[in-house]
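This report concerns only the one structure given below.
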Amino acid sequence: MRAAVITASSAPLELREMPIPEPGAHQVLVRMEACGICHVDVEIACGDWPAQPALPLISGHEGVGIVEQVGEGVAASRLGRRVALPWLCRACGECGFCLSGWMVLCESQRNTGHRIGGGHAEYAVADARHAVPVPDGVPPLEAAPLTCAGVTGYKAVRAGRVGPADRVAVFGVGGPGHLAIQYARHAGGFVTAVDVEAGMLDLARELGAEQVIDARTRDPAAVIQAQGGADVAIALTAVPSAHEHALRSLRHGGRLVCARPPGGAIPDPVFEAVTRGITMVGSVVGTREDLVEVFALHAAGHTVVTVEPRKLEEINEAFADILADGARAHLAIEY
Ligand SMILES: [Zn+2]
Ligand SMILES: [Zn+2]
């Protein structure tokens, strides 16, 4: 099989011919149909992700494909089914987080395309328990971005407890952001989208944002405060100023959801949190159940995924486009 392999930090990924892996006990072998490219994939390849993996490593944690073989202990009924291979690929199954459905907080977790080879290859093996069924009617190229970007945006909206008539400010209209806008609207919120790219702001409008703000030309916090402030602000970009603007855009008692670590220092948020009664929430991807819900919403026609297919041999160009913020749509390798 062909695979895109990270061999050294900041080096281009190497396209290698490798043997198709064998599924072990409780594993499935998946023939990839599509695998999205998440910003975290690029950060891992560049050596910028805080927990550096052992190399060489096949990247990709938005893989979607068909189960072609099952290992010992896996029901044969899973053969031929389409599954998604998300960021979380192994957890202890015994800690309080795992037992309450919060495996993404398990301290013993392993992640796809980080500790375990991912979906930027024609085949991958995965723990059958964490291979999430993709419903009929969700094409693989659309399921792939939902597997990380979608569930991250969904969980952020849930973490912000967005409800009817809430004023929601979404900072960063990227992969997770363009979907968070739709989930927030679906929950009944009025959405303001903030970005620095005209194309992304146009996309936000097309997806139903009531208001868009170009942070290059206007102070988004000042604009939103002049309208009474946001009930919920969701930061989905690593740009530190976006986190700062998100906090400042909130009304008293508002809720700040940080779903992406800022890539630099931000002014101490604790003073504002205390004096203005702000709730700050960290949100990391989403649970397996969240992903099931994300797929169900998409299958029912409630979301639109903007995705641009690339070939496996174009993966380095795709990574470069993401680094340069030159991609309007979420990029995904199509096999
Ligand atoms: Zn991701
Ligand atoms: Zn656990």
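Going by the structure tokens order, chains are called A, B, ..., each with residues numbered from 1, while ligands are numbered from 1 in the order shown.
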
According to DSSP computed on the backbone, where in stretch 217-278 of chain A is there strand (DSSP E or B)? Give the residues as a list in words.
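Listing strand (DSSP E or B) positions across stretch 217-278 of chain A yields Ala230, Asp231, Val232, Ala233, Ile234, Ala235, Leu250, Arg251, His252, Gly253, Gly254, Arg255, Leu256, Val257 and Cys258 of chain A.
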
List all protein, DNA and RNA residues that have at least one atom no more than 7 Å from any atom of ligand 2, counting only C-alpha atoms and all ligand atoms, and write them as an NGL selection string.
:A and (91-98 or 103 or 106-109)

Would you put the residues from that selection into a file with all heavy atoms, as a tab-separated table (two decimals), in the first residue's frame?
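Output below, filename part.tsv:
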chain	number	residue	atom	x	y	z
A	91	ALA	N	-8.19	3.74	24.57
A	91	ALA	CA	-8.31	4.29	25.92
A	91	ALA	C	-8.36	3.12	26.88
A	91	ALA	O	-8.57	1.98	26.46
A	91	ALA	CB	-9.57	5.15	26.03
A	92	CYS	N	-8.15	3.40	28.18
A	92	CYS	CA	-8.01	2.28	29.12
A	92	CYS	C	-9.32	1.53	29.30
A	92	CYS	O	-9.32	0.34	29.58
A	92	CYS	CB	-7.46	2.78	30.46
A	92	CYS	SG	-8.70	3.55	31.53
A	93	GLY	N	-10.45	2.23	29.15
A	93	GLY	CA	-11.75	1.57	29.29
A	93	GLY	C	-12.16	1.32	30.72
A	93	GLY	O	-13.24	0.78	30.97
A	94	GLU	N	-11.32	1.72	31.68
A	94	GLU	CA	-11.60	1.38	33.08
A	94	GLU	C	-11.66	2.59	34.00
A	94	GLU	O	-12.17	2.50	35.11
A	94	GLU	CB	-10.50	0.44	33.60
A	94	GLU	CG	-10.51	-0.91	32.92
A	94	GLU	CD	-9.31	-1.76	33.30
A	94	GLU	OE1	-8.38	-1.24	33.95
A	94	GLU	OE2	-9.32	-2.94	32.93
A	95	CYS	N	-11.10	3.72	33.57
A	95	CYS	CA	-11.05	4.88	34.47
A	95	CYS	C	-12.43	5.56	34.51
A	95	CYS	O	-13.33	5.23	33.73
A	95	CYS	CB	-9.97	5.86	34.03
A	95	CYS	SG	-10.34	6.75	32.51
A	96	GLY	N	-12.59	6.49	35.41
A	96	GLY	CA	-13.87	7.18	35.55
A	96	GLY	C	-14.29	7.89	34.28
A	96	GLY	O	-15.47	7.93	33.93
A	97	PHE	N	-13.31	8.46	33.55
A	97	PHE	CA	-13.64	9.15	32.30
A	97	PHE	C	-14.17	8.15	31.28
A	97	PHE	O	-15.20	8.37	30.65
A	97	PHE	CB	-12.40	9.86	31.75
A	97	PHE	CG	-11.88	10.96	32.64
A	97	PHE	CD1	-10.60	10.91	33.14
A	97	PHE	CD2	-12.69	12.04	32.97
A	97	PHE	CE1	-10.12	11.92	33.97
A	97	PHE	CE2	-12.23	13.05	33.79
A	97	PHE	CZ	-10.93	12.99	34.30
A	98	CYS	N	-13.44	7.04	31.12
A	98	CYS	CA	-13.87	6.04	30.13
A	98	CYS	C	-15.26	5.50	30.47
A	98	CYS	O	-16.11	5.36	29.60
A	98	CYS	CB	-12.86	4.89	30.08
A	98	CYS	SG	-11.33	5.32	29.22
A	103	MET	N	-13.94	9.26	27.12
A	103	MET	CA	-12.64	8.65	26.81
A	103	MET	C	-11.63	9.68	26.31
A	103	MET	O	-10.43	9.47	26.43
A	103	MET	CB	-12.82	7.55	25.79
A	103	MET	CG	-13.55	6.35	26.38
A	103	MET	SD	-13.81	5.09	25.17
A	103	MET	CE	-14.69	3.89	26.15
A	106	CYS	N	-9.34	10.41	28.99
A	106	CYS	CA	-8.60	9.29	29.60
A	106	CYS	C	-7.11	9.61	29.58
A	106	CYS	O	-6.56	10.01	28.55
A	106	CYS	CB	-8.87	8.00	28.82
A	106	CYS	SG	-7.89	6.61	29.42
A	107	GLU	N	-6.46	9.41	30.72
A	107	GLU	CA	-5.04	9.75	30.80
A	107	GLU	C	-4.16	8.70	30.13
A	107	GLU	O	-2.96	8.90	29.96
A	107	GLU	CB	-4.64	9.95	32.26
A	107	GLU	CG	-5.31	11.19	32.85
A	107	GLU	CD	-4.87	11.50	34.27
A	107	GLU	OE1	-3.70	11.24	34.60
A	107	GLU	OE2	-5.71	12.01	35.03
A	108	SER	N	-4.76	7.56	29.76
A	108	SER	CA	-3.98	6.51	29.09
A	108	SER	C	-4.33	6.42	27.61
A	108	SER	O	-4.05	5.42	26.96
A	108	SER	CB	-4.27	5.15	29.74
A	108	SER	OG	-4.03	5.22	31.12
A	109	GLN	N	-4.96	7.45	27.07
A	109	GLN	CA	-5.41	7.36	25.68
A	109	GLN	C	-4.24	7.37	24.69
A	109	GLN	O	-3.16	7.87	24.98
A	109	GLN	CB	-6.36	8.51	25.35
A	109	GLN	CG	-5.69	9.87	25.29
A	109	GLN	CD	-6.71	10.96	24.96
A	109	GLN	OE1	-7.00	11.23	23.82
A	109	GLN	NE2	-7.25	11.58	26.01

How many Å lie between atom CA of A:His245 and atom CA of A:Phe171, rounded to one decimal?
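Atom CA of A:Phe171 lies at a distance of 8.5 Å from atom CA of A:His245.
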
Can you check which parts of chain A lie within 7 Å of ligand 1? Per residue, the shortest pair of atoms and distance in Å to one decimal, counting only C-alpha atoms and all ligand atoms, sorted by chain and number, as JSON lines.
{"residue": "A:Cys38", "atom": "CA", "partner": "ligand 1", "partner_atom_place_in_ligand_line": "1 (Zn)", "distance": 4.5}
{"residue": "A:His39", "atom": "CA", "partner": "ligand 1", "partner_atom_place_in_ligand_line": "1 (Zn)", "distance": 6.4}
{"residue": "A:Val40", "atom": "CA", "partner": "ligand 1", "partner_atom_place_in_ligand_line": "1 (Zn)", "distance": 5.4}
{"residue": "A:Asp41", "atom": "CA", "partner": "ligand 1", "partner_atom_place_in_ligand_line": "1 (Zn)", "distance": 6.9}
{"residue": "A:His61", "atom": "CA", "partner": "ligand 1", "partner_atom_place_in_ligand_line": "1 (Zn)", "distance": 6.3}
{"residue": "A:Trp87", "atom": "CA", "partner": "ligand 1", "partner_atom_place_in_ligand_line": "1 (Zn)", "distance": 6.6}
{"residue": "A:Cys148", "atom": "CA", "partner": "ligand 1", "partner_atom_place_in_ligand_line": "1 (Zn)", "distance": 4.6}
{"residue": "A:Ala149", "atom": "CA", "partner": "ligand 1", "partner_atom_place_in_ligand_line": "1 (Zn)", "distance": 5.9}

Which of A:Asp195, A:Glu314, A:Glu17, A:Asp219 sits closest to A:Arg328 [using only C-alpha atoms]:
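Closest to A:Arg328 of all the choices is A:Asp195.
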
Counting only C-alpha atoms, which residue out of A:Arg248, A:His298, A:His114, A:His243 sits closest to A:Pro261?
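For A:Pro261, the nearest of the given residues is A:His243.
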
Near A:Gly177, counting only C-alpha atoms, which residues have an atom at most 9 Å away, once you skip same-chain residues fewer than 2 positions from it, shown as a PyMOL selection string?
chain A and resi 149-150+152-153+170-175+179-182+193+204+234-237

Since we have the selection now, will you write its residues out, keeping all heavy atoms, as a compact mmCIF listing (two decimals), in the first residue's frame?
# COMPACT_ATOMS: atom_id res chain seq x y z
N ALA A 149 -12.72 17.78 12.61
CA ALA A 149 -13.15 19.19 12.57
C ALA A 149 -14.61 19.30 13.00
O ALA A 149 -14.97 20.17 13.81
CB ALA A 149 -12.97 19.74 11.15
N GLY A 150 -15.46 18.43 12.47
CA GLY A 150 -16.88 18.51 12.78
C GLY A 150 -17.16 18.27 14.25
O GLY A 150 -17.86 19.05 14.91
N THR A 152 -15.18 18.53 16.72
CA THR A 152 -14.58 19.59 17.55
C THR A 152 -15.51 20.80 17.62
O THR A 152 -15.74 21.37 18.70
CB THR A 152 -13.20 19.99 16.97
OG1 THR A 152 -12.35 18.85 17.00
CG2 THR A 152 -12.57 21.12 17.76
N GLY A 153 -16.05 21.20 16.46
CA GLY A 153 -16.99 22.32 16.44
C GLY A 153 -18.27 22.00 17.19
O GLY A 153 -18.82 22.83 17.92
N VAL A 170 -18.34 33.12 16.84
CA VAL A 170 -17.41 32.06 16.47
C VAL A 170 -16.16 32.71 15.89
O VAL A 170 -16.23 33.42 14.87
CB VAL A 170 -18.05 31.09 15.44
CG1 VAL A 170 -17.03 30.06 14.96
CG2 VAL A 170 -19.26 30.39 16.07
N PHE A 171 -15.03 32.48 16.53
CA PHE A 171 -13.75 33.07 16.10
C PHE A 171 -12.96 32.01 15.34
O PHE A 171 -12.50 31.03 15.91
CB PHE A 171 -12.96 33.59 17.30
CG PHE A 171 -13.58 34.82 17.92
CD1 PHE A 171 -14.69 34.71 18.74
CD2 PHE A 171 -13.07 36.07 17.64
CE1 PHE A 171 -15.28 35.84 19.29
CE2 PHE A 171 -13.65 37.22 18.18
CZ PHE A 171 -14.76 37.10 19.01
N GLY A 172 -12.81 32.22 14.01
CA GLY A 172 -12.09 31.28 13.16
C GLY A 172 -13.05 30.43 12.35
O GLY A 172 -13.67 29.51 12.88
N VAL A 173 -13.19 30.78 11.06
CA VAL A 173 -14.11 30.03 10.18
C VAL A 173 -13.27 29.03 9.39
O VAL A 173 -13.12 29.15 8.19
CB VAL A 173 -14.86 30.98 9.22
CG1 VAL A 173 -15.92 30.22 8.43
CG2 VAL A 173 -15.49 32.13 9.98
N GLY A 174 -12.68 28.07 10.06
CA GLY A 174 -11.91 27.05 9.35
C GLY A 174 -12.70 25.76 9.30
O GLY A 174 -13.93 25.78 9.22
N GLY A 175 -11.98 24.63 9.38
CA GLY A 175 -12.66 23.33 9.37
C GLY A 175 -13.66 23.23 10.51
O GLY A 175 -14.87 23.07 10.28
N LEU A 179 -18.32 24.46 10.63
CA LEU A 179 -19.34 23.54 11.13
C LEU A 179 -19.94 24.04 12.44
O LEU A 179 -21.14 23.91 12.67
CB LEU A 179 -18.74 22.13 11.26
CG LEU A 179 -18.60 21.49 9.87
CD1 LEU A 179 -17.45 20.53 9.79
CD2 LEU A 179 -19.91 20.83 9.46
N ALA A 180 -19.11 24.66 13.30
CA ALA A 180 -19.63 25.21 14.56
C ALA A 180 -20.72 26.25 14.29
O ALA A 180 -21.72 26.32 15.01
CB ALA A 180 -18.49 25.83 15.37
N ILE A 181 -20.54 27.04 13.23
CA ILE A 181 -21.57 28.03 12.87
C ILE A 181 -22.91 27.32 12.64
O ILE A 181 -23.96 27.75 13.13
CB ILE A 181 -21.14 28.78 11.58
CG1 ILE A 181 -19.97 29.71 11.87
CG2 ILE A 181 -22.32 29.54 10.96
CD1 ILE A 181 -19.28 30.25 10.62
N GLN A 182 -22.85 26.20 11.94
CA GLN A 182 -24.09 25.48 11.61
C GLN A 182 -24.69 24.82 12.85
O GLN A 182 -25.91 24.82 13.04
CB GLN A 182 -23.80 24.44 10.53
CG GLN A 182 -23.28 25.08 9.24
CD GLN A 182 -22.84 24.04 8.22
OE1 GLN A 182 -23.67 23.31 7.68
NE2 GLN A 182 -21.55 23.96 7.96
N ALA A 193 -19.71 35.54 12.95
CA ALA A 193 -18.48 34.84 12.61
C ALA A 193 -17.36 35.86 12.44
O ALA A 193 -17.56 36.91 11.82
CB ALA A 193 -18.65 34.04 11.32
N ALA A 204 -18.97 31.91 5.75
CA ALA A 204 -19.77 31.97 6.98
C ALA A 204 -21.17 32.50 6.69
O ALA A 204 -22.16 31.99 7.22
CB ALA A 204 -19.06 32.85 8.01
N ILE A 234 -16.74 31.36 21.04
CA ILE A 234 -16.04 30.10 20.80
C ILE A 234 -14.77 30.39 20.01
O ILE A 234 -14.84 30.91 18.89
CB ILE A 234 -16.94 29.11 20.02
CG1 ILE A 234 -18.24 28.85 20.81
CG2 ILE A 234 -16.20 27.82 19.75
CD1 ILE A 234 -19.25 27.99 20.06
N ALA A 235 -13.62 30.06 20.60
CA ALA A 235 -12.33 30.30 19.92
C ALA A 235 -11.87 28.99 19.29
O ALA A 235 -11.58 28.02 19.98
CB ALA A 235 -11.30 30.81 20.92
N LEU A 236 -11.81 29.00 17.94
CA LEU A 236 -11.45 27.78 17.20
C LEU A 236 -10.21 27.99 16.36
O LEU A 236 -9.98 27.29 15.39
CB LEU A 236 -12.63 27.37 16.31
CG LEU A 236 -13.81 26.76 17.07
CD1 LEU A 236 -15.08 26.81 16.23
CD2 LEU A 236 -13.51 25.33 17.48
N THR A 237 -9.42 28.98 16.71
CA THR A 237 -8.18 29.25 15.99
C THR A 237 -7.06 29.37 17.01
O THR A 237 -7.31 29.66 18.18
CB THR A 237 -8.31 30.55 15.16
OG1 THR A 237 -7.00 31.03 14.85
CG2 THR A 237 -9.04 31.64 15.93

When DSSP works through the backbone of this structure, what residues of stretch 5-221 of chain A end up as alpha helix (DSSP H), shown as a PyMOL selection string?
chain A and resi 39-46+96-99+140-145+151-159+175-186+198-206+220-221

Any chance you could tabulate, as a tab-separated table, the residues of stretch 152-247 of chain A at most 10 Å from stretch 275-279 of chain A with each one's nearest atom pair and distance in Å to one decimal, using only C-alpha atoms, in chain and rising number order?
residue	atom	partner	partner_atom	distance
A:Gly160	CA	A:Thr279	CA	9.2
A:Asp231	CA	A:Ile278	CA	9.8
A:Val232	CA	A:Thr279	CA	9.5
A:Leu247	CA	A:Ile278	CA	8.4

If I take atom CA of A:Ala84 and atom CA of A:Val132, how far is one from the other in Å, to one decimal?
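Here the two named atoms are 5.1 Å from each other.
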
With only C-alpha atoms as the basis for distance, which of A:Leu291, A:Ile224, A:Ala187, A:Ala75 is at the shortest distance from A:Ala143?
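When distances to A:Ala143 are compared using only C-alpha atoms, the smallest one comes from A:Leu291.
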
Could you pull the residues within 7 Å of A:Met32, counting only C-alpha atoms, minus those fewer than 3 positions along the same chain, as a VMD selection string?
chain A and resid 63 to 66 119 122 to 123 335

Only N, CA, C and O atoms, please: the residues just picked out, written as a PDB file, in the first residue's frame.
ATOM      1  N   GLY A  63      -9.689   9.606   9.076  1.00  0.00           N
ATOM      2  CA  GLY A  63      -9.802   8.552   8.071  1.00  0.00           C
ATOM      3  C   GLY A  63     -11.197   7.946   8.027  1.00  0.00           C
ATOM      4  O   GLY A  63     -11.829   7.734   9.064  1.00  0.00           O
ATOM      5  N   VAL A  64     -11.653   7.664   6.811  1.00  0.00           N
ATOM      6  CA  VAL A  64     -12.953   7.012   6.618  1.00  0.00           C
ATOM      7  C   VAL A  64     -12.773   5.949   5.540  1.00  0.00           C
ATOM      8  O   VAL A  64     -12.163   6.214   4.496  1.00  0.00           O
ATOM      9  N   GLY A  65     -13.280   4.751   5.795  1.00  0.00           N
ATOM     10  CA  GLY A  65     -13.130   3.698   4.798  1.00  0.00           C
ATOM     11  C   GLY A  65     -13.964   2.484   5.144  1.00  0.00           C
ATOM     12  O   GLY A  65     -14.800   2.509   6.053  1.00  0.00           O
ATOM     13  N   ILE A  66     -13.699   1.420   4.408  1.00  0.00           N
ATOM     14  CA  ILE A  66     -14.507   0.203   4.490  1.00  0.00           C
ATOM     15  C   ILE A  66     -13.727  -0.887   5.231  1.00  0.00           C
ATOM     16  O   ILE A  66     -12.545  -1.110   4.948  1.00  0.00           O
ATOM     17  N   GLY A 119      -4.598   7.653   8.837  1.00  0.00           N
ATOM     18  CA  GLY A 119      -5.362   7.409   7.617  1.00  0.00           C
ATOM     19  C   GLY A 119      -4.768   7.963   6.339  1.00  0.00           C
ATOM     20  O   GLY A 119      -5.408   7.886   5.296  1.00  0.00           O
ATOM     21  N   GLU A 122      -3.280   3.893   2.196  1.00  0.00           N
ATOM     22  CA  GLU A 122      -4.405   3.207   1.538  1.00  0.00           C
ATOM     23  C   GLU A 122      -5.121   2.236   2.475  1.00  0.00           C
ATOM     24  O   GLU A 122      -6.287   1.908   2.252  1.00  0.00           O
ATOM     25  N   TYR A 123      -4.423   1.778   3.519  1.00  0.00           N
ATOM     26  CA  TYR A 123      -5.047   0.898   4.522  1.00  0.00           C
ATOM     27  C   TYR A 123      -4.587   1.316   5.910  1.00  0.00           C
ATOM     28  O   TYR A 123      -3.487   1.857   6.076  1.00  0.00           O
ATOM     29  N   TYR A 335      -8.933   8.591  -1.918  1.00  0.00           N
ATOM     30  CA  TYR A 335      -8.202   7.440  -2.469  1.00  0.00           C
ATOM     31  C   TYR A 335      -8.950   6.848  -3.654  1.00  0.00           C
ATOM     32  O   TYR A 335     -10.149   6.953  -3.747  1.00  0.00           O
TER      33      TYR A 335
END

Near-stretch 42-59 of chain A list (9 Å; only C-alpha atoms; drop same-chain fewer than 4 positions) as number ranges by chain:
A: 3-13, 37-38, 112-121, 319-320, 322-323

Quote the spacing between atom CA of A:Thr192 and atom CA of A:Val223 in Å to one decimal place.
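Value for the atom CA of A:Thr192-atom CA of A:Val223 distance: 10.3 Å.
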
Of the candidates A:Val281, A:Val83, A:Val30, A:Val270, which shows the shortest atom-to-atom distance to A:Pro139, using only C-alpha atoms?
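Closest to A:Pro139 of all the choices is A:Val83.
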
Close residues, A:Ser241 itself excluded, 9 Å, only C-alpha atoms, min 5 positions apart in chain, as number ranges by chain:
A: 246, 262, 264, 266
